[in-house]
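Visitor: Pasting in a structure now, in structure tokens, and then I'll have a few things to ask.
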Amino acid sequence: MENTQPAKPTAGGWKRRLGFSAAVSAALAFTLCLFGPLDLFFNNYEQLWFNFQDIIAGVSLTALMIFLLGTTLGTLLRGKLHSIYMALMFGGLLGLYVQGSFMNKNYGTLNGKSVDWGAYTGYGIVNTIVWLVCLLLPLILMLVLKEKKMRPVFLFLSCALILMQGASLVVSYLNYPTVTENATLTTDGIYTLSKKDNTVVFIVDTLDEVYFQELMQNHPEYKEQLQGFVSYDDAMASGARTPVALPLLLTGIPRTTTGTYAEYIDYTWKNETVFRDLKAANYDTRLFTESHFVSQAAEDVVDNLEMSTSSVGNYPGLIKKLYKLTLYKYSPHFLKWRFWMYTGDFDKFINDDEYIVNDALLYKNYQNSDGFTYTDDEKCFRLYHLMGAHEQFTLRADGTRSNGKTSMEEQTVGAFHILFDMLDDMKENGVYEKSNIIIMADHGDHGNCQYAACLYKPAGATDPYSVSSAPISFLDLPATIDSIAGGDFSKVGSGMTFFDSKEGDTRTRKMYLNIGNNATFITGEYESTGHASDTDQMKLVKQYEVLNSSGAKPYTLGTELFFTSASATGNIYCTHGFRSAATKTTRMEGRYAQMVIPIQNPPDSGKIRFNLEYSSVMSESNMVVSVAGEQVFQQNMKKTRGRKNISFTVPVSALEDGTLTVDFTFTDIPESEEDKEAGTRMQTVRATKLVITAED
């Protein structure tokens with residue numbers, strides 16, 4: 001009888017399993033762990049505070065780990081288990097690609113407002129069916145046609161996905177701007193003062209003089225705590241709002257030359273005088289405000305300024321949160337709720353050393369530090385920027401943060417609670433009386449925001465709290481500080497100190513406002529000889545065009561456009577009824593507004609969806625939106641806060657020569673508003689973001 005031996009495994013079988021597993025694992029790891037987070041980043045980097053360099057190492061390491069894990073497991077499994085594993089892994093890859101590229105609904109902006117998941121049940125069922133097809137089809141084909149026939153198909157498709165997505169990342173990276181070192185204001189020395197000589201400035205954001213007078217009426221006990229202070233009830237702000245006001249308070253130099261905002265900030269610090277004179281007088285000088293108000297040019301004169309390419313304080317936490325956002329995009333509908341998040345959660349991972357304008361955090365850390373530490377330094381200059389009367393109102397009267405909303409009044413009381421605690425600390429340690437202390441707004445909140453609170457206690461002042469009607473200007477602040485430093489203040493700011501104006505004086509005061517509209521950015525120079533509260537006395541005397549973004553390039557469908565001062569990519573398509581971009585929004589104004597958007601490679605048929613996000617409605621009105629003369633949307637816009645959307649579809653045939661023209665009419669706004677100058681009309685809606693997509 002012939003002796004038969006069991007067939008030996010084909011030589012090199014483990015090598016084939018290794019190659020097959022490596023290819024599919026690479027595609028899976030690349031799609032979910034590398035392409036997914038990087039694609040999200042490149043499409044939103046203008047609204048994110050972290051850089052490509054901050055995340056590339058973390059996502060690459062994660063992708064490598066998933067690749068090695070998938071490859072190892074696929075190589076160790078043999079026979080039918082290996083085939084099933086490879087089919088399911090490829091099915092997962094296919095599902096991720098289809099979900100991320102074609103199957104995501106618009107669930108709204110991740111702004112903290114929860115999603116009504118129940119409204120998407122029908123879509124969720126369809127989405128689940130698609131996922132089951134993606135998972136089961138490769139499995140059925142693998143079991144029926146066998147691995148030998150399906151392996152080349154899976155290998156080819158896996159490699160094709162890597163090449164296709166890789167090419168997209170390369171293009172995105174080439175279009176990504178070069179990251180340079182940024183000027184960062186740290187918290188170093190935030191609670192240290194001199195035993196001998198201090199000049200301290202508290203900027204209480206948006207503290208209109210009307211608000212301050214109401215505060216003093218409701219809290220007459222504050223007068224006792226403000227010993228030595230003079231309150232000026234005829235103080236005119238130098239600019240509004242904060243992006244205009246803060247640089248003027250620091251340097252006294254308005255934005256009148258062409259260029260971006262960053263170029264303007266750099267220009268001011270290269271030409272400012274105040275802080276050079278402070279440094280020459282041996283002041284330890286530290287500013288605690290937002291970092292974008294300084295540039296590298298301030299490095300030699302501001303002691304808590306550091307140059308860095310990264311603001312990340314917790315890299316693992318940031319990468320983990322980025323993957324949560326990635327899974328929110330790539331997971332099936334019925335699992336998305338597990339990965340829903342608020343994009344503001346990324347802020348938790350900012351370096352703790354960077355100063356953030358957060359009154360509750362400032363106070364909490366102050367208490368944890370047991371108040372101020374007093375050093376033997378000869379002289380200290382400190383500027384603290386507080387939220388004060390600025391939205392959002394989350395500060396309690398005791399200086400702690402509320403998880404819900406408070407009110408402007410309570411938040412203002414909370415800000416002064418913090419200030420008085422700090423002033424009491426200075427009194428108890430014998431440095432209050434010999435310190436120069438200024439408490440002031442950056443701008444007001446009514447009219448042109450020109451009427452703002454300002455209180456000054458010069459060193460040595462011991463008189464009871466008093467009120468002066470001398471006509472001062474916030475442009476007097478840099479001159480006043482320069483005079484304290486012993487510099488020649490006659491050419492700084494207004495060239496006058498707070499004490500140079502007397503009650504009864506008639507004085508011409510300047511103020512600077514953004515008066516540009518749509519695609520242009522114009523600084524308006526105003527003058528007034530009247531009382532600071534009288535908006536009608538303010539006359540526009542000069543206009544400086546500092547930025548013109550007309551001549552818009554064709555828009556690529558799916559691109560997110562923004563309406564912020566840092567990234568006004570949407571404003572270039574505005575032709576009427578939009579103001580210049582403010583810090584976080586652009587305000588629509590008047591009865592009519594219009595956007596004209598040329599579309600790059602518009603589809604031949606189907607529809608396109610217009611989705612405009614807004615943060616609040618400022619004037620109640622019925623809004624009618626028309627495209628090509630046809631009404632496409634109508635809504636009664638009630639005064640509200642919180643991000644919402646204006647969303648509608650139009651047929652591609654509504655485009656004229658590939659251009660989408662969208663007309664907004666606020667029917668309850670009088671026609672007479674259109675007779676007013678741009679920038680003075682009744683404000684309607686605060687636009688934040690726009691995206692236009694193709695629909696079948």
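Identifiers for the structure tokens are assigned positionally: chains receive A, B, ... in sequence, residues are indexed from 1 per chain, and ligands are indexed from 1 in the order shown.
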As a compact mmCIF listing (two decimals) with C-alpha atoms, in the first residue's frame, please: the residues near Asp188 in chain A (cut-off 10 Å, only C-alpha atoms, same-chain neighbours under 6 positions excluded).
Guide:
```
# COMPACT_ATOMS: atom_id res chain seq x y z
CA ARG A 286 3.93 92.74 31.51
CA LEU A 287 0.73 92.75 29.46
CA PHE A 288 -2.08 90.33 30.18
CA ASP A 303 8.74 90.93 29.65
CA ASN A 304 6.07 88.20 29.44
CA LEU A 305 6.22 87.87 25.66
CA ASP A 353 1.14 79.61 30.35
CA GLU A 354 -0.68 81.66 27.70
CA TYR A 355 -2.92 84.41 29.06
```
Visitor: Do you know which residues are at most 9 Å from Gln225 in chain A counting only C-alpha atoms, after dropping those on the same chain fewer than 3 positions away, and could you put them as a list of chain:residue names?
Guide: A:Glu221, A:Tyr222, A:Phe420, A:Leu423, A:Asp424, A:Tyr465
Visitor: Would you compute the distance between CA of Glu589 in chain A and CA of His446 in chain A? Give it in Å to one decimal.
Guide: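 Interatomic distance, CA of Glu589 in chain A to CA of His446 in chain A: 16.7 Å.
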Visitor: Name the closest residue to Tyr342 in chain A among the candidates A:Asp534, A:Glu656, A:Gly629, A:Ser114; distances are taken between atoms, counting only C-alpha atoms.
Guide: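 That would be A:Ser114, the residue with the smallest distance to Tyr342 in chain A.
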Visitor: If I take CA of Arg17 in chain A and CA of Leu96 in chain A, how far is one from the other in Å, to one decimal?
Guide: 23.0 Å
Visitor: Closest to Arg396 in chain A among A:His417, A:Arg151, A:His531, A:Lys379, using only C-alpha atoms?
Guide: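 The closest residue to Arg396 in chain A is A:His417.
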Visitor: From the DSSP assignment of the backbone, select every residue of range 154-200 of chain A that is alpha helix (DSSP H), and format the answer as a list in words.
Guide: Phe154, Leu155, Phe156, Leu157, Ser158, Cys159, Ala160, Leu161, Ile162, Leu163, Met164, Gln165, Gly166, Ala167, Ser168, Leu169, Val170, Val171, Ser172, Tyr173 and Leu174 of chain A
Visitor: Write out as a list in words the residues lying within 12 Å of Asp425 in chain A, counting only C-alpha atoms and excluding same-chain residues fewer than 5 positions away.
Guide: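 Near neighbours after the sequence-gap exclusion: Tyr191, Thr192, Leu193, Gln225, Tyr366, Gln367, Asp370, Gly371, Phe372, Thr373, Tyr374, Ile418, Leu419, Phe420, Gly430, Val431, Tyr432 and Glu433 of chain A.
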Visitor: Create the file for the chosen residues now, containing N, CA and C atoms and written as an mmCIF file, in the first residue's frame.
Guide:
```cif
data_model
loop_
_atom_site.group_PDB
_atom_site.id
_atom_site.type_symbol
_atom_site.label_atom_id
_atom_site.label_comp_id
_atom_site.auth_asym_id
_atom_site.auth_seq_id
_atom_site.Cartn_x
_atom_site.Cartn_y
_atom_site.Cartn_z
ATOM 1 N N TYR A 191 0.999 87.736 38.964
ATOM 2 C CA TYR A 191 0.591 88.131 40.318
ATOM 3 C C TYR A 191 1.766 88.672 41.126
ATOM 4 N N THR A 192 2.720 89.314 40.453
ATOM 5 C CA THR A 192 3.839 89.945 41.156
ATOM 6 C C THR A 192 3.787 91.449 40.945
ATOM 7 N N LEU A 193 4.014 92.184 41.997
ATOM 8 C CA LEU A 193 4.088 93.643 41.953
ATOM 9 C C LEU A 193 5.321 94.089 42.728
ATOM 10 N N GLN A 225 -14.156 102.071 48.453
ATOM 11 C CA GLN A 225 -13.069 101.217 47.983
ATOM 12 C C GLN A 225 -12.253 101.886 46.877
ATOM 13 N N TYR A 366 -5.550 83.693 40.988
ATOM 14 C CA TYR A 366 -5.112 84.712 41.938
ATOM 15 C C TYR A 366 -5.306 84.217 43.372
ATOM 16 N N GLN A 367 -6.467 83.613 43.629
ATOM 17 C CA GLN A 367 -6.732 83.088 44.966
ATOM 18 C C GLN A 367 -5.813 81.914 45.295
ATOM 19 N N ASP A 370 -2.586 82.885 46.581
ATOM 20 C CA ASP A 370 -2.648 83.670 47.827
ATOM 21 C C ASP A 370 -2.397 85.144 47.554
ATOM 22 N N GLY A 371 -2.963 85.629 46.455
ATOM 23 C CA GLY A 371 -2.865 87.045 46.136
ATOM 24 C C GLY A 371 -1.550 87.414 45.473
ATOM 25 N N PHE A 372 -1.221 88.684 45.549
ATOM 26 C CA PHE A 372 0.003 89.191 44.928
ATOM 27 C C PHE A 372 1.237 88.816 45.744
ATOM 28 N N THR A 373 2.335 88.669 45.013
ATOM 29 C CA THR A 373 3.654 88.580 45.632
ATOM 30 C C THR A 373 4.382 89.880 45.349
ATOM 31 N N TYR A 374 4.991 90.465 46.369
ATOM 32 C CA TYR A 374 5.628 91.775 46.214
ATOM 33 C C TYR A 374 7.143 91.602 46.188
ATOM 34 N N ILE A 418 -13.520 91.219 41.688
ATOM 35 C CA ILE A 418 -12.134 90.788 41.481
ATOM 36 C C ILE A 418 -11.185 91.971 41.643
ATOM 37 N N LEU A 419 -11.537 93.103 41.024
ATOM 38 C CA LEU A 419 -10.682 94.292 41.118
ATOM 39 C C LEU A 419 -10.515 94.744 42.562
ATOM 40 N N PHE A 420 -11.601 94.776 43.293
ATOM 41 C CA PHE A 420 -11.531 95.262 44.670
ATOM 42 C C PHE A 420 -10.721 94.311 45.555
ATOM 43 N N GLY A 430 0.601 97.886 51.721
ATOM 44 C CA GLY A 430 1.202 99.210 51.740
ATOM 45 C C GLY A 430 1.667 99.750 50.398
ATOM 46 N N VAL A 431 1.141 99.217 49.284
ATOM 47 C CA VAL A 431 1.601 99.711 47.979
ATOM 48 C C VAL A 431 0.498 100.439 47.205
ATOM 49 N N TYR A 432 -0.738 100.398 47.704
ATOM 50 C CA TYR A 432 -1.856 101.014 46.988
ATOM 51 C C TYR A 432 -1.662 102.516 46.836
ATOM 52 N N GLU A 433 -1.371 103.180 47.938
ATOM 53 C CA GLU A 433 -1.301 104.646 47.911
ATOM 54 C C GLU A 433 -0.207 105.146 46.977
#
```
Visitor: Could you pull the residues within 8 Å of Gly70 in chain A, counting only C-alpha atoms, minus those fewer than 3 positions along the same chain, as a ChimeraX atom specification?
Guide: /A:21-22,25,66-67,73-74
Visitor: Go ahead and write the residues just picked, N, CA and C atoms, as a PDB file, in the first residue's frame.
Guide:
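Listed below is the output, selection_35.pdb:
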```
ATOM      1  N   SER A  21      -2.213  41.641   4.323  1.00  0.00           N
ATOM      2  CA  SER A  21      -2.616  42.346   5.547  1.00  0.00           C
ATOM      3  C   SER A  21      -2.016  43.747   5.600  1.00  0.00           C
ATOM      4  N   ALA A  22      -0.760  43.871   5.188  1.00  0.00           N
ATOM      5  CA  ALA A  22      -0.093  45.176   5.250  1.00  0.00           C
ATOM      6  C   ALA A  22      -0.776  46.189   4.347  1.00  0.00           C
ATOM      7  N   SER A  25      -4.334  46.981   5.812  1.00  0.00           N
ATOM      8  CA  SER A  25      -4.144  47.704   7.081  1.00  0.00           C
ATOM      9  C   SER A  25      -3.620  49.112   6.838  1.00  0.00           C
ATOM     10  N   ILE A  66      -1.917  51.468  14.441  1.00  0.00           N
ATOM     11  CA  ILE A  66      -3.053  50.744  13.869  1.00  0.00           C
ATOM     12  C   ILE A  66      -2.595  49.872  12.706  1.00  0.00           C
ATOM     13  N   PHE A  67      -1.675  50.393  11.901  1.00  0.00           N
ATOM     14  CA  PHE A  67      -1.131  49.617  10.785  1.00  0.00           C
ATOM     15  C   PHE A  67      -0.425  48.358  11.286  1.00  0.00           C
ATOM     16  N   LEU A  73      -2.067  40.974  13.203  1.00  0.00           N
ATOM     17  CA  LEU A  73      -3.206  40.075  13.395  1.00  0.00           C
ATOM     18  C   LEU A  73      -3.553  39.354  12.093  1.00  0.00           C
ATOM     19  N   GLY A  74      -3.527  40.096  10.977  1.00  0.00           N
ATOM     20  CA  GLY A  74      -3.828  39.478   9.689  1.00  0.00           C
ATOM     21  C   GLY A  74      -2.806  38.439   9.286  1.00  0.00           C
TER      22      GLY A  74
END
```
Visitor: I need the residue nearest Gly317 in chain A from this list: A:Asp205, A:Asp54, A:Asp398, A:Glu673. Use only C-alpha atoms for the distance.
Guide: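 Ranked by minimum distance to Gly317 in chain A, first place goes to A:Asp54.
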Visitor: List as number ranges by chain the protein and nucleic acid residues near Tyr323 in chain A, meaning an atom at most 9 Å away when only C-alpha atoms are counted, but skip any in the same chain fewer than 5 places from it.
Guide: A: 32-33, 36-37, 59, 318, 328
Visitor: Can I get the selection written as a compact mmCIF listing (two decimals), in the first residue's frame, with N, CA and C atoms?
Guide:
```
# COMPACT_ATOMS: atom_id res chain seq x y z
N LEU A 32 -8.46 56.40 8.18
CA LEU A 32 -9.06 56.82 9.44
C LEU A 32 -8.11 57.62 10.33
N CYS A 33 -6.86 57.23 10.36
CA CYS A 33 -5.94 57.80 11.35
C CYS A 33 -5.04 58.90 10.80
N GLY A 36 -8.13 61.20 7.67
CA GLY A 36 -9.31 61.74 8.36
C GLY A 36 -9.03 62.98 9.17
N PRO A 37 -8.14 62.92 10.16
CA PRO A 37 -7.88 64.12 10.98
C PRO A 37 -7.18 65.23 10.20
N VAL A 59 -0.75 62.02 14.97
CA VAL A 59 -1.58 61.23 14.07
C VAL A 59 -0.75 60.20 13.31
N LEU A 318 -5.02 66.78 23.00
CA LEU A 318 -5.41 67.39 21.73
C LEU A 318 -5.62 66.32 20.66
N TYR A 328 -16.54 61.32 14.65
CA TYR A 328 -17.85 61.94 14.45
C TYR A 328 -18.17 62.03 12.96
```
Visitor: I need the residues in range 253-330 of chain A that are strand (DSSP E or B) according to DSSP; give them as a PyMOL selection string.
Guide: chain A and resi 283-288+305-308+312
Visitor: Could you save the residues just selected, with N, CA and C atoms, as an mmCIF file, in the first residue's frame?
Guide:
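Output (result_19.cif):
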```cif
data_model
loop_
_atom_site.group_PDB
_atom_site.id
_atom_site.type_symbol
_atom_site.label_atom_id
_atom_site.label_comp_id
_atom_site.auth_asym_id
_atom_site.auth_seq_id
_atom_site.Cartn_x
_atom_site.Cartn_y
_atom_site.Cartn_z
ATOM 1 N N TYR A 283 11.314 99.700 34.055
ATOM 2 C CA TYR A 283 10.070 99.057 34.460
ATOM 3 C C TYR A 283 10.070 97.594 34.022
ATOM 4 N N ASP A 284 9.664 96.714 34.920
ATOM 5 C CA ASP A 284 9.333 95.345 34.547
ATOM 6 C C ASP A 284 7.911 95.406 33.972
ATOM 7 N N THR A 285 7.800 95.167 32.676
ATOM 8 C CA THR A 285 6.557 95.457 31.960
ATOM 9 C C THR A 285 5.896 94.170 31.482
ATOM 10 N N ARG A 286 4.658 93.960 31.889
ATOM 11 C CA ARG A 286 3.934 92.743 31.506
ATOM 12 C C ARG A 286 2.495 93.081 31.134
ATOM 13 N N LEU A 287 2.072 92.524 29.982
ATOM 14 C CA LEU A 287 0.728 92.748 29.459
ATOM 15 C C LEU A 287 -0.054 91.448 29.526
ATOM 16 N N PHE A 288 -1.242 91.512 30.088
ATOM 17 C CA PHE A 288 -2.084 90.326 30.180
ATOM 18 C C PHE A 288 -3.365 90.585 29.397
ATOM 19 N N LEU A 305 6.439 88.272 27.042
ATOM 20 C CA LEU A 305 6.220 87.870 25.658
ATOM 21 C C LEU A 305 7.228 86.796 25.276
ATOM 22 N N GLU A 306 6.723 85.697 24.735
ATOM 23 C CA GLU A 306 7.581 84.616 24.261
ATOM 24 C C GLU A 306 7.253 84.311 22.811
ATOM 25 N N MET A 307 8.267 83.911 22.049
ATOM 26 C CA MET A 307 8.075 83.529 20.658
ATOM 27 C C MET A 307 8.001 82.014 20.574
ATOM 28 N N SER A 308 6.938 81.522 19.934
ATOM 29 C CA SER A 308 6.742 80.083 19.840
ATOM 30 C C SER A 308 5.918 79.761 18.610
ATOM 31 N N VAL A 312 0.227 74.588 22.226
ATOM 32 C CA VAL A 312 -0.342 73.367 22.796
ATOM 33 C C VAL A 312 0.273 73.089 24.167
#
```
Visitor: Find the residue from A:Met65, A:Cys449, A:Leu28, A:Pro243 that sits nearest to Ser158 in chain A; use only C-alpha atoms when measuring.
Guide: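 The answer is A:Leu28, which sits nearest to Ser158 in chain A.
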